[in-house]
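Colleague: Quick one: the structure is below, questions incoming.
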Amino acid sequence: MAEDFDVNLDTPKYYTPSAKCTENAWAGDYSQRYQEFLADPTGFWEDIARELEWYQDWDEALEWNYPYAKWFLNGKLNVTTNCLDRHVFNQRRNKVALMWRGETDDEERIYTYKQLYHAVCRFANGLKSLGVQKGDRVCIYMPVVPEQLIAMLACARIGAVHTVVFGGFGVSALNQRIRAVGAKIVVAADVTVRRGKAIPLKTIVEDAVVNAPSVERIVVLRREETKPVELHPEMEIDFEDLMENQPRECPAEPMDAEDPLFILFTSGTTGEPKGIVHACGGYMVGTYYTTKHVFDVKDNDVYWCTADPGWITGHSYGVYGPLLTGATCLITETTPDYPDAGIWWNLIEEYGVTIFYTAPTAIRMFMRVGEEWPKKYNLSSLRVLGSVGEPLNPEAFEWFYHVIGGAKCPIADTWWQTETGMHMITTMIGEPMRPGFAGKPVPGIVADVVDSDGNSVPPGTGGLLVVKGPWPSMMRTIWENDERYRKYWETIPGCYTAADLAVKDENGYIMVIGRSDDLIVVAGHNIGTAEVESALVSHKAVAEAAVIGKPDPLKGNTIKAFVILIQGHQPTEKLRNELVYHVRMTLGPIAIPSELEFVESLPKTRSGKIMRRVLKAKEMGMDPGDISTLED
Ligand code: WT7
């Protein structure tokens, strides 16, 4: 629940992007667009949906049966005909759809829309040959390579539901997700490349499919050419072999607008990650609309979203959104500081990137290593910048705006979530930008900052960020846990509560402050305290564990763990390392604690809940606030 807090809003400072950047932007007049939406909310969305191709028109735009929404009722579509066929059979056949860059400049692969279309069709036919049918779940566990996107789109082509698992996750996280969705097929790669080293993924898959009886086949992309990994023929099949000799056309499955398109897991506050379910029609319309207008995509843009499709940002703005708009997309398997901190700026110059969407944690890392890196490259192609994942603090905004954008590019600080599917709050191109503030709801969305009774709070007073009413790309449910879905709409009746704390200024600009629940945002990734705690407790030496986020100038937050050992185990340096390693192996490197302290006891409520807020206050040397419920 929101704690009341006041924020000093100081003297507002707004930046106005240059007229040249904004003259052709759709949202040039934001208030007019917003009024158009308010005048006819569903008609507004229908107009957008009509820009796309449907096999069958919808009867009704919206059926709102709180908290359940159906959009574009009985409309029939396939998202891949909109991402591919629509361009291939029109003007964009030979336009570059995808450019992939590995870590070195001799690793480059390029697909035109037509080539991508055929690759997707062939892999879709391959999946069909393995018996994959509409509604079956396919788990994709790959690094950022064209085949990762091809696998996603091939699933969508035949109506299979994909669950992409980020390649940085470990065995138990992968196993849990495969089992949760009952995946029939796992599509994996042998390795992911990081800092010049091949890191095996296939061994992780081998361990993760144990006790996952739903899995029938594993499709393995073999990247290692000199010494290809061995395949076990009873289960495993080579990615290329599966595509070979398949027809290069594959009729797209006509999907109902409400059929699921994918399930993507996001960390929950109570251990089990939540499988967020998105529906074909609304998700397509929402991601198309926001990519096109928040980023103002034009036909000659070169678009680069740095997120891995293992996250929602990669789904919505690395794959579906940009392909729906027919953009030329850059994807890369690079690490921002390898071989040096100039690599991303090098890529922007080399590919002439015009729209660049990244995360505050990366921006802060670049700030730290210094301006000399971007200064080495010509970044004048850039036109629009975007940020997502956590608050873009004013210092990072200024640096991004001046050093990267040359004080001429608008920055869209986009607030949204896995659950929302698309951008919800940002500053639309053409509007003045206020550093530190994401901005206002995009036309089509009603959002507000409210107190715990749901009343709008005055400017400067903190509260809960809520969305009022349904929108097309909202999640439809949580996989096999509808009760948890309803919770999002129950905290404040009638509203979707995002579990973020926020504050508005006198112009209605919203600043997102942080989470109000037990999630820690580390380098833009949500980590549930409970996930890390249960990973620690699964170690034989650990009796109990509590985890908190500590503010960090670079990553936003880092994880600190407090651990109580089972009697007989000694709090040694060796055990500390072993526990960190254990978390790495179970959850993956993104979840490892950067500090681990052995303690004798943990602060708890009388009902036995760990009071993480007390731990955190102590850690930060702050007043823990109300501790009346503390056990002793
Ligand atoms: C949480 C959602 C949506 C893609 C990335 C993460 C935080 C996201 C912003 C922003 C401040 C932000 C929120 C949100 N967040 N964007 N622009 N400013 N905070 O997706 O993993 O579902 O996380 O990320 O706390 O609730 P996700």
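Starting from 1 in every chain, residues are counted up; chains themselves are A, B, ... following the order of the structure tokens, and ligands are numbered from 1 as listed.
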Got a sec: who's within 12 Å of Glu619 in chain A, counting only C-alpha atoms, leaving out chain neighbours fewer than 2 positions off, as a PyMOL selection string?
Modeller: chain A and resi 547-551+559-562+595+597+612-617+621-624
Colleague: 8 Å from ligand 1 is the threshold here; counting only C-alpha atoms and all ligand atoms, which polymer residues fall inside it? Answer as a VMD selection string.
Modeller: chain A and resid 266 to 267 311 to 313 387 to 392 413 to 423 425 to 426 437 to 438 498 to 500 511 to 515 521 524 to 526
Colleague: For the residues selected in the previous step, produce a file with N, CA and C atoms as a short mmCIF file (atom, residue, chain, number, x, y, z; two decimals), in the first residue's frame.
Modeller:
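So the final result, stored in result.cif, reads:
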data_model
loop_
_atom_site.label_atom_id
_atom_site.label_comp_id
_atom_site.auth_asym_id
_atom_site.auth_seq_id
_atom_site.Cartn_x
_atom_site.Cartn_y
_atom_site.Cartn_z
N THR A 266 6.88 -13.12 -15.32
CA THR A 266 7.45 -11.98 -14.63
C THR A 266 7.50 -12.35 -13.16
N SER A 267 8.47 -11.78 -12.46
CA SER A 267 8.65 -12.14 -11.05
C SER A 267 7.43 -11.77 -10.24
N TRP A 311 12.56 -10.60 -22.49
CA TRP A 311 11.76 -9.71 -21.64
C TRP A 311 10.63 -9.12 -22.46
N ILE A 312 9.67 -8.51 -21.77
CA ILE A 312 8.53 -7.95 -22.50
C ILE A 312 8.97 -6.82 -23.42
N THR A 313 9.97 -6.05 -23.03
CA THR A 313 10.40 -4.97 -23.92
C THR A 313 10.84 -5.53 -25.26
N SER A 387 13.58 5.24 -23.28
CA SER A 387 14.11 4.63 -22.07
C SER A 387 13.00 3.83 -21.41
N VAL A 388 13.37 2.73 -20.78
CA VAL A 388 12.38 1.89 -20.11
C VAL A 388 13.01 1.03 -19.03
N GLY A 389 12.20 0.68 -18.05
CA GLY A 389 12.60 -0.35 -17.08
C GLY A 389 12.64 0.16 -15.66
N GLU A 390 13.01 1.39 -15.49
CA GLU A 390 13.07 1.99 -14.16
C GLU A 390 13.11 3.50 -14.36
N PRO A 391 13.01 4.23 -13.28
CA PRO A 391 13.00 5.68 -13.47
C PRO A 391 14.27 6.18 -14.16
N LEU A 392 14.09 7.05 -15.12
CA LEU A 392 15.23 7.71 -15.77
C LEU A 392 15.49 8.97 -14.94
N ASP A 413 10.56 8.56 -22.18
CA ASP A 413 10.75 7.71 -21.00
C ASP A 413 9.42 6.98 -20.83
N THR A 414 9.42 5.70 -21.15
CA THR A 414 8.17 4.96 -21.26
C THR A 414 7.92 4.11 -20.02
N TRP A 415 6.84 4.39 -19.34
CA TRP A 415 6.46 3.55 -18.19
C TRP A 415 5.42 2.53 -18.65
N TRP A 416 5.68 1.28 -18.33
CA TRP A 416 4.73 0.21 -18.62
C TRP A 416 5.22 -1.04 -17.94
N GLN A 417 4.57 -2.17 -18.16
CA GLN A 417 4.90 -3.42 -17.47
C GLN A 417 4.65 -4.61 -18.39
N THR A 418 5.18 -5.76 -17.97
CA THR A 418 4.87 -7.00 -18.68
C THR A 418 3.35 -7.14 -18.80
N GLU A 419 2.67 -6.80 -17.73
CA GLU A 419 1.23 -6.96 -17.67
C GLU A 419 0.49 -6.01 -18.62
N THR A 420 1.03 -4.84 -18.83
CA THR A 420 0.31 -3.85 -19.65
C THR A 420 0.54 -4.07 -21.14
N GLY A 421 1.59 -4.81 -21.48
CA GLY A 421 1.85 -5.15 -22.88
C GLY A 421 2.44 -4.03 -23.71
N MET A 422 2.01 -2.82 -23.45
CA MET A 422 2.45 -1.67 -24.26
C MET A 422 2.73 -0.47 -23.36
N HIS A 423 3.36 0.55 -23.95
CA HIS A 423 3.61 1.81 -23.25
C HIS A 423 2.30 2.37 -22.70
N ILE A 425 2.55 5.27 -20.08
CA ILE A 425 2.82 6.67 -19.75
C ILE A 425 4.14 7.06 -20.38
N THR A 426 4.15 8.18 -21.04
CA THR A 426 5.39 8.69 -21.60
C THR A 426 5.16 10.14 -22.01
N PHE A 437 10.55 12.74 -15.01
CA PHE A 437 9.13 12.41 -15.12
C PHE A 437 8.90 11.62 -16.41
N ALA A 438 8.19 10.51 -16.30
CA ALA A 438 7.88 9.76 -17.51
C ALA A 438 6.96 10.61 -18.40
N ALA A 498 -0.80 -0.95 -10.36
CA ALA A 498 0.46 -1.42 -10.92
C ALA A 498 1.50 -1.78 -9.87
N ALA A 499 1.23 -1.50 -8.60
CA ALA A 499 2.22 -1.70 -7.52
C ALA A 499 3.43 -0.78 -7.67
N ASP A 500 3.24 0.35 -8.32
CA ASP A 500 4.29 1.35 -8.38
C ASP A 500 3.82 2.60 -7.62
N MET A 511 5.81 11.15 -12.24
CA MET A 511 7.13 10.61 -11.93
C MET A 511 6.91 9.27 -11.23
N VAL A 512 7.52 8.23 -11.75
CA VAL A 512 7.40 6.91 -11.11
C VAL A 512 8.55 6.78 -10.14
N ILE A 513 8.22 6.46 -8.89
CA ILE A 513 9.26 6.48 -7.86
C ILE A 513 9.84 5.10 -7.59
N GLY A 514 9.01 4.08 -7.59
CA GLY A 514 9.54 2.75 -7.31
C GLY A 514 8.41 1.80 -6.97
N ARG A 515 8.77 0.60 -6.63
CA ARG A 515 7.77 -0.43 -6.37
C ARG A 515 7.18 -0.27 -4.97
N VAL A 521 14.05 -3.99 -8.47
CA VAL A 521 14.39 -3.80 -9.88
C VAL A 521 15.91 -3.65 -9.97
N GLY A 524 17.12 -2.93 -14.26
CA GLY A 524 15.94 -2.99 -15.11
C GLY A 524 15.20 -4.32 -15.09
N HIS A 525 15.70 -5.28 -14.34
CA HIS A 525 15.02 -6.58 -14.28
C HIS A 525 14.33 -6.73 -12.93
N ASN A 526 13.10 -7.19 -12.98
CA ASN A 526 12.36 -7.42 -11.75
C ASN A 526 12.78 -8.71 -11.09
#
Colleague: What is the distance, in Å and to one decimal place, between CA of Val457 in chain A and CA of Pro41 in chain A?
Modeller: 24.4 Å
Colleague: For range 135-152 of chain A, please output as an MDAnalysis selection string all residues within 8 Å (counting only C-alpha atoms; exclusion window: fewer than 5 positions along the same chain).
Modeller: chainID A and resid 98 100 116 119:120 123:124 159:167 178 181:189 191:193 201 221 260 308:309 319 331:333
Colleague: What would the file look like if the residues just selected were written as a short mmCIF file (atom, residue, chain, number, x, y, z; two decimals), in the first residue's frame with N, CA and C atoms?
Modeller:
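Contents of the output file again00.cif:
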data_model
loop_
_atom_site.label_atom_id
_atom_site.label_comp_id
_atom_site.auth_asym_id
_atom_site.auth_seq_id
_atom_site.Cartn_x
_atom_site.Cartn_y
_atom_site.Cartn_z
N LEU A 98 15.46 -7.14 -40.67
CA LEU A 98 16.26 -7.49 -39.51
C LEU A 98 17.74 -7.44 -39.84
N TRP A 100 21.19 -8.40 -37.80
CA TRP A 100 21.74 -8.94 -36.56
C TRP A 100 23.24 -8.71 -36.54
N LEU A 116 12.75 -12.97 -44.27
CA LEU A 116 12.26 -13.29 -42.93
C LEU A 116 10.94 -14.06 -43.02
N ALA A 119 11.69 -17.64 -43.93
CA ALA A 119 12.31 -18.36 -42.81
C ALA A 119 11.26 -18.71 -41.76
N VAL A 120 10.40 -17.75 -41.45
CA VAL A 120 9.34 -17.99 -40.46
C VAL A 120 8.41 -19.10 -40.96
N PHE A 123 10.16 -22.50 -40.71
CA PHE A 123 10.26 -23.02 -39.34
C PHE A 123 8.87 -23.38 -38.80
N ALA A 124 7.87 -22.61 -39.20
CA ALA A 124 6.49 -22.92 -38.78
C ALA A 124 6.09 -24.29 -39.32
N GLY A 159 -0.32 -20.49 -34.49
CA GLY A 159 -1.21 -20.39 -33.32
C GLY A 159 -0.69 -21.08 -32.08
N ALA A 160 0.60 -21.50 -32.10
CA ALA A 160 1.18 -22.05 -30.88
C ALA A 160 1.53 -20.88 -29.96
N VAL A 161 1.50 -21.12 -28.67
CA VAL A 161 1.70 -20.06 -27.68
C VAL A 161 3.16 -20.11 -27.24
N HIS A 162 3.91 -19.04 -27.50
CA HIS A 162 5.31 -19.11 -27.09
C HIS A 162 5.54 -18.57 -25.69
N THR A 163 6.52 -19.21 -25.05
CA THR A 163 7.00 -18.73 -23.76
C THR A 163 8.49 -18.57 -23.92
N VAL A 164 8.93 -17.33 -24.03
CA VAL A 164 10.36 -17.10 -24.20
C VAL A 164 10.98 -16.99 -22.81
N VAL A 165 12.03 -17.74 -22.61
CA VAL A 165 12.74 -17.66 -21.33
C VAL A 165 14.11 -17.03 -21.61
N PHE A 166 14.40 -15.96 -20.92
CA PHE A 166 15.65 -15.23 -21.08
C PHE A 166 16.84 -16.19 -20.90
N GLY A 167 17.80 -16.10 -21.83
CA GLY A 167 18.95 -16.99 -21.83
C GLY A 167 19.86 -16.86 -20.61
N ILE A 178 8.99 -24.21 -18.00
CA ILE A 178 8.59 -25.27 -18.93
C ILE A 178 7.43 -26.07 -18.33
N VAL A 181 3.89 -24.12 -18.02
CA VAL A 181 3.05 -24.00 -19.21
C VAL A 181 2.83 -25.34 -19.90
N GLY A 182 3.51 -26.38 -19.45
CA GLY A 182 3.39 -27.68 -20.09
C GLY A 182 3.88 -27.64 -21.53
N ALA A 183 5.09 -27.10 -21.71
CA ALA A 183 5.61 -26.93 -23.08
C ALA A 183 5.82 -28.28 -23.76
N LYS A 184 5.39 -28.33 -25.02
CA LYS A 184 5.53 -29.56 -25.80
C LYS A 184 6.91 -29.60 -26.46
N ILE A 185 7.37 -28.43 -26.85
CA ILE A 185 8.64 -28.30 -27.56
C ILE A 185 9.48 -27.25 -26.84
N VAL A 186 10.78 -27.51 -26.79
CA VAL A 186 11.69 -26.46 -26.34
C VAL A 186 12.60 -26.13 -27.52
N VAL A 187 12.68 -24.87 -27.87
CA VAL A 187 13.60 -24.45 -28.92
C VAL A 187 14.77 -23.76 -28.22
N ALA A 188 15.97 -24.28 -28.44
CA ALA A 188 17.12 -23.77 -27.69
C ALA A 188 18.30 -23.57 -28.63
N ALA A 189 19.35 -22.95 -28.11
CA ALA A 189 20.60 -22.85 -28.85
C ALA A 189 21.66 -23.58 -28.04
N VAL A 191 24.75 -22.48 -27.52
CA VAL A 191 25.51 -21.53 -26.71
C VAL A 191 24.98 -20.11 -26.87
N THR A 192 25.34 -19.29 -25.92
CA THR A 192 25.19 -17.85 -26.07
C THR A 192 26.60 -17.28 -25.97
N VAL A 193 26.85 -16.21 -26.70
CA VAL A 193 28.20 -15.67 -26.71
C VAL A 193 28.24 -14.41 -25.86
N LEU A 201 24.29 -23.31 -23.31
CA LEU A 201 22.89 -23.27 -22.91
C LEU A 201 22.30 -24.67 -22.95
N LEU A 221 19.48 -25.07 -32.03
CA LEU A 221 20.25 -24.30 -33.00
C LEU A 221 21.72 -24.49 -32.66
N PRO A 260 -4.80 -16.72 -26.99
CA PRO A 260 -3.51 -16.28 -26.45
C PRO A 260 -2.42 -16.26 -27.52
N ASP A 308 16.56 -7.75 -24.85
CA ASP A 308 16.49 -9.15 -25.28
C ASP A 308 15.01 -9.55 -25.36
N PRO A 309 14.61 -10.26 -26.42
CA PRO A 309 13.22 -10.72 -26.47
C PRO A 309 12.82 -11.64 -25.32
N VAL A 319 10.40 -7.03 -31.28
CA VAL A 319 9.90 -7.96 -32.29
C VAL A 319 8.57 -7.46 -32.87
N ILE A 331 19.15 -5.90 -34.28
CA ILE A 331 19.21 -6.66 -33.03
C ILE A 331 20.66 -7.07 -32.84
N THR A 332 21.09 -7.19 -31.61
CA THR A 332 22.49 -7.55 -31.41
C THR A 332 22.66 -8.47 -30.21
N GLU A 333 23.71 -9.24 -30.30
CA GLU A 333 24.06 -10.09 -29.17
C GLU A 333 25.24 -9.48 -28.42
#
Colleague: As a ChimeraX atom specification, please: every residue in range 271-404 of chain A that a backbone DSSP assignment puts in strand (DSSP E).
Modeller: /A:274-279,302-305,328-332,355-358,384-388
Colleague: Would you mind exporting the chosen residues as a compact mmCIF listing (two decimals), in the first residue's frame, restricted to C-alpha atoms?
Modeller:
# COMPACT_ATOMS: atom_id res chain seq x y z
CA LYS A 274 3.52 -15.18 -12.90
CA GLY A 275 2.79 -16.31 -16.43
CA ILE A 276 1.33 -13.20 -18.02
CA VAL A 277 -1.03 -14.12 -20.85
CA HIS A 278 -1.44 -11.76 -23.81
CA ALA A 279 -4.13 -12.04 -26.48
CA VAL A 302 16.57 2.32 -38.50
CA TYR A 303 15.21 1.11 -35.25
CA TRP A 304 17.20 -0.37 -32.38
CA CYS A 305 15.71 -1.67 -29.15
CA THR A 328 14.21 -1.94 -40.30
CA CYS A 329 15.34 -3.38 -36.98
CA LEU A 330 18.78 -3.87 -35.56
CA ILE A 331 19.21 -6.66 -33.03
CA THR A 332 22.49 -7.55 -31.41
CA ILE A 355 15.49 5.39 -33.12
CA PHE A 356 17.29 4.06 -30.07
CA TYR A 357 15.45 2.47 -27.14
CA THR A 358 17.40 1.40 -24.09
CA VAL A 384 14.31 9.65 -31.26
CA LEU A 385 15.52 8.20 -27.95
CA GLY A 386 13.63 5.96 -25.57
CA SER A 387 14.11 4.63 -22.07
CA VAL A 388 12.38 1.89 -20.11
Colleague: Could you name the residues that touch Gly430 in chain A at 10 Å or less, counting only C-alpha atoms, but leaving out those on the same chain fewer than 2 positions away, as a list of chain:residue names?
Modeller: A:Thr16, A:Pro17, A:Ser18, A:Ala19, A:Lys20, A:Cys21, A:Thr22, A:Glu23, A:Asn24, A:Ala25, A:Trp26, A:Ala27, A:Gly28, A:Asp29, A:Tyr30, A:Pro410, A:Thr427, A:Met428, A:Pro432, A:Met433
Colleague: Could you state the separation of CA of Ala180 in chain A and CA of Glu531 in chain A in Å, given to one decimal place?
Modeller: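 CA of Glu531 in chain A lies at a distance of 15.5 Å from CA of Ala180 in chain A.
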Colleague: Given only C-alpha atoms as the basis, pick out the residue of A:Gly281, A:Pro213, A:Met255, A:Glu236 nearest to Arg50 in chain A.
Modeller: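 Result for the nearest residue to Arg50 in chain A: A:Gly281.
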Colleague: Between CA of Tyr338 in chain A and CA of Ile590 in chain A, what is the distance in Å, rounded to a tenth?
Modeller: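 If I compute the distance from CA of Tyr338 in chain A to CA of Ile590 in chain A, I get 18.1 Å.
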Colleague: Nearest residue to Thr335 in chain A out of A:Thr104, A:Ser129, A:Ser538, A:Ser452, using only C-alpha atoms?
Modeller: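 Closest candidate: A:Thr104.
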Colleague: Go through A:Ile348, A:Val219, A:Leu38, A:Leu501 and flag the residue nearest Ile445 in chain A, using only C-alpha atoms for the distances.
Modeller: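 So, comparing all the options, the nearest one is A:Leu38.
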Colleague: May I have all residues of range 301-344 of chain A that DSSP, computed from the backbone, assigns to alpha helix (DSSP H), given as a list in words?
Modeller: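 Filtering range 301-344 of chain A to alpha helix (DSSP H) leaves Ile312, Thr313, Gly314, Gly321, Pro322, Leu323, Leu324, Ile343 and Trp344 of chain A.
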Colleague: May I have the residues within 10 Å of His582 in chain A as a list in words, using only C-alpha atoms and disregarding those fewer than 2 positions away in the same chain?
Modeller: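 Those residues are Ala535, Leu536, Ser538, His539, Arg576, Asn577, Glu578, Leu579, Val580, Arg584, Met585, Thr586, Leu587, Gly588 and Ile592 of chain A.
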Colleague: Which neighbours of Glu53 in chain A fall inside 10 Å, counting only C-alpha atoms, when residues of the same chain fewer than 6 positions from it are skipped, and could you give them as a list in words?
Modeller: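 Near Glu53 in chain A, the qualifying residues are Lys76, Leu77, Asn78, Val79, Thr81, Asn82, Asp85 and Arg86 of chain A.
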